[in-house]
Amino acid sequence: MEATAPTAGAGANGSVGAAARAQVGPPTNPMATALLTDQYQFSMAYAYWKAGKHADRAVFDLYFRKNPFGGEFTVFAGLEECIRFIANFKFTEDEISFLKSVMPMCEDAFFDYLREVDCSDVEVYSIAEGSVVFPKVPLMRVEGPVAVVQLLETPFVNLINYASLVTTNAARHRHVAGKSKVLMEFGLRRAQGPDGAISASKYCFMGGFDATRYKASGIRLDSGDLAYLSIEARKVFHAIEKEFNIPGFGKMIITASNDLNEETIDALNKQGHEVDAFGIGTYLVTCYSQAALGCVFKLVEINSRPRIKLSEDVAKINLEQSCPTGEYQKPLHATARKTASRSHQAAKSDTYKVSVSGKLYEFIHYLWLNEAPVGELQ
């Protein structure tokens, strides 16, 4: 992981002030304010404050449990927006008044505390945005006062989930289309609102697309047998170039659209075609085949003491995040990177055998014995 707090305009101690806000700038979406969260998070913050534990030093990891689209990799995105968010994290008087109205049971002193809250004591460590990442490896590690970091859970998960999902979707489309084809994001009309559309344009570019929708010279095929029509169109262009002596006319750009996705592009490649550019909309920006990435934000340390999440659902136990050395199973990731570069047909999930060291096993066992509730003896 690389430390990204300085990127947010923080000083050596991670402080975030007016200078940092000016350097980083506000979040792209003006709705990304300190109130972009659940009331549950404020209830948690209040509980910490009421117990006098709000300043306890906590560490949270943000990660996901399974690669999207049945694939073997994910592209991490959304980090810049998270940095913008914490650089501008501050409650206004109007927001404090609103919180008072929905949480009348809380003492005024709690809202006085919220008035002073910012992210000056929060540190963020992160994998570089745009990196290929894998399940259960922390994308971001957030350290700071537990009440403050608790308030960052919902906005951080919100800012990372869709960004990483659509960037990964774009990368998968680039992978199947190949490097030589122009890929255009055509999703403005089909995206979930203005924010979904603008975010999609940004993150599709990060995932390997060349541009958002634009008017290109040439011909656009929007229905019918795209492979056949593109070949016939190319023949006509070459004939016109030869007949009328127009140099380069035979290389006129042919663009294809009409609800394209990975599977249809792969099918076109197998048939053979003369398409130069693909315009992809609905299946790209809505991430049609998977609605969400499923990022989670879990407590892994409090006051320098490691914590472990316990659950009857084994998949929800955060084993890797509790590793004291921060070392993960590199053979798994190396294998995934290798297989991710295979043909699109083979880019599906496989099962890998993974083992842990004796030291890690003993550490996890220690955490389990200390944290697991003891069953009542009958």
# chains A, B, ... in the order shown; residues from 1 in each chain; ligands from 1
>>> closest_atom_pairs(of="stretch 193-274 of chain A", to="stretch 56-80 of chain A", cutoff="10 Å", atoms="only C-alpha atoms", output="JSON lines")
{"residue": "A:Ser199", "atom": "CA", "partner": "A:Gly78", "partner_atom": "CA", "distance": 9.6}
{"residue": "A:Tyr203", "atom": "CA", "partner": "A:Ala77", "partner_atom": "CA", "distance": 7.4}
{"residue": "A:Met206", "atom": "CA", "partner": "A:Ala77", "partner_atom": "CA", "distance": 8.2}
{"residue": "A:Gly207", "atom": "CA", "partner": "A:Val75", "partner_atom": "CA", "distance": 7.6}
>>> write_last_selection(atoms="C-alpha atoms", output="PDB file, in the first residue's frame")
ATOM      1  CA  SER A 199     -19.260   9.090 -13.152  1.00  0.00           C
ATOM      2  CA  TYR A 203     -14.371   5.741 -14.893  1.00  0.00           C
ATOM      3  CA  MET A 206      -9.957   5.026 -16.608  1.00  0.00           C
ATOM      4  CA  GLY A 207     -10.923   1.474 -17.586  1.00  0.00           C
TER       5      GLY A 207
END
>>> residues_around(residues="stretch 263-274 of chain A", least_positions_apart="2", cutoff="8 Å", atoms="only C-alpha atoms", output="ChimeraX atom specification")
/A:176-177,226-228,230-231,234,254,260-261,276,344
>>> atom_distance(atom1="atom CA of A:Ala292", atom2="atom CA of A:Ile160")
10.4 Å
>>> closest_residue(among="A:Phe89, A:Phe111, A:Phe205, A:Phe297", to="A:Phe42", atoms="only C-alpha atoms")
A:Phe111
>>> select_by_dssp(residues="stretch 41-211 of chain A", states="alpha helix (DSSP H)", output="NGL selection string")
:A and (41-50 or 79-87 or 93-102 or 108-116 or 146-177 or 193-206)
>>> residues_around(residues="A:Pro27", least_positions_apart="4", cutoff="7 Å", atoms="only C-alpha atoms", output="PyMOL selection string")
chain A and resi 32+81+84-85
